[in-house]
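To keep things clear, I will list the structure first and then write my remarks on it.
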Amino acid sequence: MRIISVEAEAFMVPLPRYFHGSNYKYTHKKGMFVRAKTDQGIDGFAYLGDDFGLGQSIASAVNEDFTKVLIGRDPSDVKNIWYDMRPLVRDILGDRRVALHAQALADILCWDLHAKAQGCSVVDLLGQQRDHAPIMVIAGYYTPQNSLGDLANETRDLITLGGRGMKLKVGGLSVTEDVERVKTVRDAGGDTFNLAVDANQAWSLDEALHFVNACEGLGLAWVEEPVHWDNDIADLAALRKMTDIPICAGQSEVTVAGVASLINAEAIDICNLHPGYAGGVTPWLESAELARQNGLKVANTGEPQLSASLMLACGHGMSIEIYHPDRDPIFPKHCPAFDARTDGYIEDTCRTGWGIVPSDV
């Protein structure tokens, strides 16, 4: 099988309300679709979110540069294709985010075609380790009122939606106020509700230590990216020695070598390298294996169209992280895995490739 055409395009969908994290705001769901055709009549389709507003540039990079590597290649040769694309990300004067996301799109597309050529899902191709994984909803964004009553209602609504847990946004208010938000979600969700927090690198080491000390006994599954990026490896390692709450980081790394640095510094318990930021699923799988060898867990922040497969192929995987449909209308529209949730779990949909179904936005 050979790839005969590739086409990428950016999309942007306005959201019904804004979503405010510790130091950022989302008003639109942005991303990039990529499609491919092969000489055997097998079509590939994949997409990624766009956190940086670079979708048009990323799609152009795929169409103008990365397509030259892909056309004529057998997508089952996915790892060699990944390495052959690598020179395209090494322009030191270019925007590395654009090149890495373009490589990621191309790599994710090859995995889709590779699995479809075998007549199987990506889960089966990688080796299924679990038949279902719990849903963690990324939620609890800040609002103008920041009402604790509204946050409690949101928690209960997420359980109704099918979530077994929440990754709560913190870092946007004082540490004391954020601790009260954690207590509110814990009370509303109950003792068995899987509760983690994500500070998006909002705190100093002292602030992070204040927070984790105040949250001891609240049963946090993890605290994600708790410290500023300026000296994060050293600060994460220091914080990890001072708390029993698991530390999750890696999303801001762009290479497996960066993950290795976190692991070697004993800075994390959970690795969440982002496939889009790091150039694809191929490096994500490598980092996941590195984590396994070191007795660590893996997560996949956002991009549920990928994690709905990856978390089932990793015995050491965490939850499948999704957003409320108001925050991400694309996953429910294009991925039957959203409707395949039962009792707070997502199961293998038994579809080929990533299980992403093209649909008009």
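How things are named: the first chain in the structure tokens is A, the next is B, and so on; residues count from 1 in each chain; ligands count from 1 in the order shown.
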Tell me, as a list in words, which residues lie within 12 Å of Ala265 of chain A, counting only C-alpha atoms; anything in the same chain fewer than 3 positions away does not count.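 Final neighbour list, sorted by chain and number: Asp232, Ile233, Ala234, Asp235, Leu236, Ala237, Ala238, Leu239, Arg240, Lys241, Gly258, Val259, Ala260, Ser261, Leu262, Ile268, Asp269 and Asn294 of chain A.
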Write out as a PDB file with C-alpha atoms, in the first residue's frame the residues lying within 10 Å of Lys68 of chain A, counting only C-alpha atoms and excluding same-chain residues fewer than 5 positions away.
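Final file, selection39.pdb:
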```pdb
ATOM      1  CA  SER A   5      -2.491  12.028  -1.573  1.00  0.00           C
ATOM      2  CA  VAL A   6      -2.470  13.981   1.688  1.00  0.00           C
ATOM      3  CA  VAL A  62       1.802  19.469   6.103  1.00  0.00           C
ATOM      4  CA  ASN A  63       0.599  20.283   2.595  1.00  0.00           C
ATOM      5  CA  ARG A  73       5.433   5.653   1.153  1.00  0.00           C
ATOM      6  CA  MET A  85      10.328  13.686   8.536  1.00  0.00           C
TER       7      MET A  85
END
```
A:Asp157, A:Gly149, A:Thr38, A:Tyr277: which is nearest Asp51 of chain A, counting only C-alpha atoms?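 Closest residue, counting only C-alpha atoms: A:Tyr277.
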All residues 9 Å or closer to segment 126-138 of chain A, only C-alpha atoms, same chain fewer than 3 positions away omitted, as a PDB file with N, CA and C atoms, in the first residue's frame:
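File part_6.pdb, as written:
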```pdb
ATOM      1  N   SER A 121      -8.071  -2.062  14.671  1.00  0.00           N
ATOM      2  CA  SER A 121      -7.973  -0.778  15.356  1.00  0.00           C
ATOM      3  C   SER A 121      -6.530  -0.527  15.777  1.00  0.00           C
ATOM      4  N   VAL A 122      -6.222   0.734  16.101  1.00  0.00           N
ATOM      5  CA  VAL A 122      -4.907   1.054  16.638  1.00  0.00           C
ATOM      6  C   VAL A 122      -4.687   0.309  17.951  1.00  0.00           C
ATOM      7  N   VAL A 123      -5.748   0.134  18.724  1.00  0.00           N
ATOM      8  CA  VAL A 123      -5.642  -0.618  19.990  1.00  0.00           C
ATOM      9  C   VAL A 123      -5.125  -2.018  19.732  1.00  0.00           C
ATOM     10  N   TYR A 141     -13.290  24.933  35.067  1.00  0.00           N
ATOM     11  CA  TYR A 141     -12.669  26.185  34.627  1.00  0.00           C
ATOM     12  C   TYR A 141     -13.211  27.350  35.456  1.00  0.00           C
ATOM     13  N   LEU A 158     -21.135  16.362  35.591  1.00  0.00           N
ATOM     14  CA  LEU A 158     -20.130  15.558  34.900  1.00  0.00           C
ATOM     15  C   LEU A 158     -20.325  14.082  35.186  1.00  0.00           C
ATOM     16  N   GLY A 162     -21.179  11.043  32.417  1.00  0.00           N
ATOM     17  CA  GLY A 162     -20.479   9.769  32.279  1.00  0.00           C
ATOM     18  C   GLY A 162     -19.049   9.803  32.757  1.00  0.00           C
ATOM     19  N   GLY A 163     -18.696  10.805  33.558  1.00  0.00           N
ATOM     20  CA  GLY A 163     -17.336  10.884  34.066  1.00  0.00           C
ATOM     21  C   GLY A 163     -17.187  10.208  35.419  1.00  0.00           C
ATOM     22  N   ARG A 164     -16.082   9.492  35.579  1.00  0.00           N
ATOM     23  CA  ARG A 164     -15.770   8.913  36.881  1.00  0.00           C
ATOM     24  C   ARG A 164     -14.837   9.811  37.682  1.00  0.00           C
ATOM     25  N   GLY A 165     -14.452  10.922  37.078  1.00  0.00           N
ATOM     26  CA  GLY A 165     -13.565  11.828  37.783  1.00  0.00           C
ATOM     27  C   GLY A 165     -13.442  13.150  37.059  1.00  0.00           C
ATOM     28  N   MET A 166     -12.727  14.073  37.686  1.00  0.00           N
ATOM     29  CA  MET A 166     -12.494  15.398  37.123  1.00  0.00           C
ATOM     30  C   MET A 166     -11.033  15.776  37.311  1.00  0.00           C
ATOM     31  N   LYS A 167     -10.460  16.378  36.266  1.00  0.00           N
ATOM     32  CA  LYS A 167      -9.183  17.066  36.398  1.00  0.00           C
ATOM     33  C   LYS A 167      -9.513  18.540  36.535  1.00  0.00           C
ATOM     34  N   LEU A 168      -9.436  19.022  37.764  1.00  0.00           N
ATOM     35  CA  LEU A 168      -9.889  20.354  38.129  1.00  0.00           C
ATOM     36  C   LEU A 168      -8.819  21.397  37.839  1.00  0.00           C
ATOM     37  N   LYS A 169      -9.227  22.501  37.236  1.00  0.00           N
ATOM     38  CA  LYS A 169      -8.315  23.609  36.993  1.00  0.00           C
ATOM     39  C   LYS A 169      -8.041  24.358  38.299  1.00  0.00           C
ATOM     40  N   ASN A 194     -12.819  10.198  41.166  1.00  0.00           N
ATOM     41  CA  ASN A 194     -11.397  10.306  40.837  1.00  0.00           C
ATOM     42  C   ASN A 194     -11.058  11.776  40.585  1.00  0.00           C
ATOM     43  N   LEU A 195     -10.359  12.398  41.518  1.00  0.00           N
ATOM     44  CA  LEU A 195     -10.117  13.835  41.460  1.00  0.00           C
ATOM     45  C   LEU A 195      -8.623  14.132  41.346  1.00  0.00           C
ATOM     46  N   ALA A 196      -8.263  14.842  40.294  1.00  0.00           N
ATOM     47  CA  ALA A 196      -6.903  15.336  40.101  1.00  0.00           C
ATOM     48  C   ALA A 196      -6.985  16.836  39.869  1.00  0.00           C
ATOM     49  N   ASP A 198      -4.920  20.369  37.931  1.00  0.00           N
ATOM     50  CA  ASP A 198      -3.956  20.817  36.922  1.00  0.00           C
ATOM     51  C   ASP A 198      -3.744  22.312  37.096  1.00  0.00           C
ATOM     52  N   THR A 301      -2.841  14.103  28.111  1.00  0.00           N
ATOM     53  CA  THR A 301      -3.668  15.276  28.348  1.00  0.00           C
ATOM     54  C   THR A 301      -4.476  15.635  27.109  1.00  0.00           C
ATOM     55  N   GLY A 302      -5.795  15.689  27.272  1.00  0.00           N
ATOM     56  CA  GLY A 302      -6.649  16.056  26.161  1.00  0.00           C
ATOM     57  C   GLY A 302      -6.534  15.071  25.004  1.00  0.00           C
ATOM     58  N   ALA A 308      -8.359   7.612  23.718  1.00  0.00           N
ATOM     59  CA  ALA A 308      -9.362   6.551  23.771  1.00  0.00           C
ATOM     60  C   ALA A 308      -8.801   5.230  23.256  1.00  0.00           C
ATOM     61  N   SER A 309      -7.742   5.303  22.460  1.00  0.00           N
ATOM     62  CA  SER A 309      -7.030   4.102  22.010  1.00  0.00           C
ATOM     63  C   SER A 309      -5.777   3.852  22.844  1.00  0.00           C
ATOM     64  N   LEU A 310      -4.980   4.895  23.071  1.00  0.00           N
ATOM     65  CA  LEU A 310      -3.688   4.723  23.731  1.00  0.00           C
ATOM     66  C   LEU A 310      -3.833   4.203  25.153  1.00  0.00           C
ATOM     67  N   MET A 311      -4.839   4.668  25.879  1.00  0.00           N
ATOM     68  CA  MET A 311      -4.999   4.223  27.262  1.00  0.00           C
ATOM     69  C   MET A 311      -5.439   2.766  27.354  1.00  0.00           C
ATOM     70  N   LEU A 312      -6.062   2.255  26.292  1.00  0.00           N
ATOM     71  CA  LEU A 312      -6.437   0.841  26.274  1.00  0.00           C
ATOM     72  C   LEU A 312      -5.264  -0.043  25.884  1.00  0.00           C
ATOM     73  N   ALA A 313      -4.251   0.559  25.260  1.00  0.00           N
ATOM     74  CA  ALA A 313      -3.065  -0.195  24.835  1.00  0.00           C
ATOM     75  C   ALA A 313      -1.933  -0.108  25.855  1.00  0.00           C
ATOM     76  N   CYS A 314      -2.169   0.562  26.972  1.00  0.00           N
ATOM     77  CA  CYS A 314      -1.152   0.722  28.016  1.00  0.00           C
ATOM     78  C   CYS A 314      -1.691   0.186  29.332  1.00  0.00           C
ATOM     79  N   GLY A 315      -1.097  -0.886  29.816  1.00  0.00           N
ATOM     80  CA  GLY A 315      -1.506  -1.407  31.110  1.00  0.00           C
ATOM     81  C   GLY A 315      -1.186  -0.460  32.240  1.00  0.00           C
ATOM     82  N   HIS A 316      -0.230   0.447  32.017  1.00  0.00           N
ATOM     83  CA  HIS A 316       0.147   1.430  33.033  1.00  0.00           C
ATOM     84  C   HIS A 316      -0.450   2.801  32.719  1.00  0.00           C
ATOM     85  N   GLY A 317      -1.510   2.817  31.901  1.00  0.00           N
ATOM     86  CA  GLY A 317      -2.168   4.067  31.551  1.00  0.00           C
ATOM     87  C   GLY A 317      -3.141   4.517  32.622  1.00  0.00           C
ATOM     88  N   MET A 318      -3.426   5.799  32.612  1.00  0.00           N
ATOM     89  CA  MET A 318      -4.372   6.386  33.552  1.00  0.00           C
ATOM     90  C   MET A 318      -5.744   6.472  32.879  1.00  0.00           C
ATOM     91  N   SER A 319      -6.451   7.559  33.127  1.00  0.00           N
ATOM     92  CA  SER A 319      -7.794   7.741  32.601  1.00  0.00           C
ATOM     93  C   SER A 319      -7.757   8.230  31.156  1.00  0.00           C
ATOM     94  N   ILE A 320      -8.905   8.133  30.499  1.00  0.00           N
ATOM     95  CA  ILE A 320      -9.105   8.779  29.210  1.00  0.00           C
ATOM     96  C   ILE A 320      -9.667  10.163  29.499  1.00  0.00           C
ATOM     97  N   GLU A 321      -8.895  11.191  29.170  1.00  0.00           N
ATOM     98  CA  GLU A 321      -9.293  12.552  29.495  1.00  0.00           C
ATOM     99  C   GLU A 321     -10.122  13.141  28.359  1.00  0.00           C
ATOM    100  N   ILE A 322     -11.337  13.552  28.702  1.00  0.00           N
ATOM    101  CA  ILE A 322     -12.219  14.189  27.726  1.00  0.00           C
ATOM    102  C   ILE A 322     -12.623  15.559  28.259  1.00  0.00           C
ATOM    103  N   TYR A 323     -13.250  16.341  27.415  1.00  0.00           N
ATOM    104  CA  TYR A 323     -13.823  17.615  27.816  1.00  0.00           C
ATOM    105  C   TYR A 323     -15.339  17.523  27.736  1.00  0.00           C
ATOM    106  N   HIS A 324     -16.008  18.436  28.411  1.00  0.00           N
ATOM    107  CA  HIS A 324     -17.440  18.602  28.216  1.00  0.00           C
ATOM    108  C   HIS A 324     -17.663  18.967  26.750  1.00  0.00           C
ATOM    109  N   ARG A 341     -19.376   5.162  25.959  1.00  0.00           N
ATOM    110  CA  ARG A 341     -19.050   5.235  27.382  1.00  0.00           C
ATOM    111  C   ARG A 341     -20.160   4.584  28.195  1.00  0.00           C
ATOM    112  N   ASP A 343     -21.101   3.572  32.320  1.00  0.00           N
ATOM    113  CA  ASP A 343     -20.785   3.591  33.749  1.00  0.00           C
ATOM    114  C   ASP A 343     -19.445   4.267  34.032  1.00  0.00           C
ATOM    115  N   GLY A 344     -19.160   5.338  33.296  1.00  0.00           N
ATOM    116  CA  GLY A 344     -17.937   6.090  33.549  1.00  0.00           C
ATOM    117  C   GLY A 344     -16.702   5.554  32.868  1.00  0.00           C
ATOM    118  N   TYR A 345     -16.865   4.629  31.926  1.00  0.00           N
ATOM    119  CA  TYR A 345     -15.723   4.055  31.217  1.00  0.00           C
ATOM    120  C   TYR A 345     -15.929   4.191  29.717  1.00  0.00           C
ATOM    121  N   ILE A 346     -14.822   4.292  28.986  1.00  0.00           N
ATOM    122  CA  ILE A 346     -14.847   4.205  27.528  1.00  0.00           C
ATOM    123  C   ILE A 346     -14.244   2.870  27.128  1.00  0.00           C
ATOM    124  N   GLU A 347     -14.907   2.204  26.200  1.00  0.00           N
ATOM    125  CA  GLU A 347     -14.486   0.881  25.744  1.00  0.00           C
ATOM    126  C   GLU A 347     -13.984   0.947  24.308  1.00  0.00           C
ATOM    127  N   ASP A 348     -13.304  -0.098  23.884  1.00  0.00           N
ATOM    128  CA  ASP A 348     -12.863  -0.211  22.498  1.00  0.00           C
ATOM    129  C   ASP A 348     -14.088  -0.275  21.591  1.00  0.00           C
TER     130      ASP A 348
END
```
Neighbours of Asp328 of chain A within 10 Å (only C-alpha atoms; same-chain residues fewer than 6 positions away dropped), as a VMD selection string? chain A and resid 13 15 28 to 30 49 302 to 304 322
Residues as selected, C-alpha atoms, written as a compact mmCIF listing (two decimals), in the first residue's frame, can you do that?
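Output saved as selection.txt:
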```
# COMPACT_ATOMS: atom_id res chain seq x y z
CA VAL A 13 -15.45 26.29 16.04
CA LEU A 15 -17.63 27.74 21.86
CA HIS A 28 -12.93 28.52 20.22
CA LYS A 29 -12.11 24.90 19.56
CA LYS A 30 -9.29 25.03 17.04
CA GLY A 49 -6.30 20.29 18.58
CA GLY A 302 -6.65 16.06 26.16
CA GLU A 303 -6.78 14.73 22.57
CA PRO A 304 -9.31 12.03 23.54
CA ILE A 322 -12.22 14.19 27.73
```
Extract, using only C-alpha atoms, all DNA, RNA and protein residues at most 10 Å from Tyr47 of chain A, discarding same-chain residues fewer than 5 positions from it, and format them as a ChimeraX atom specification. /A:8-11,31-35,104-106,108-109,276,303,305-306,330-331,334,356,358
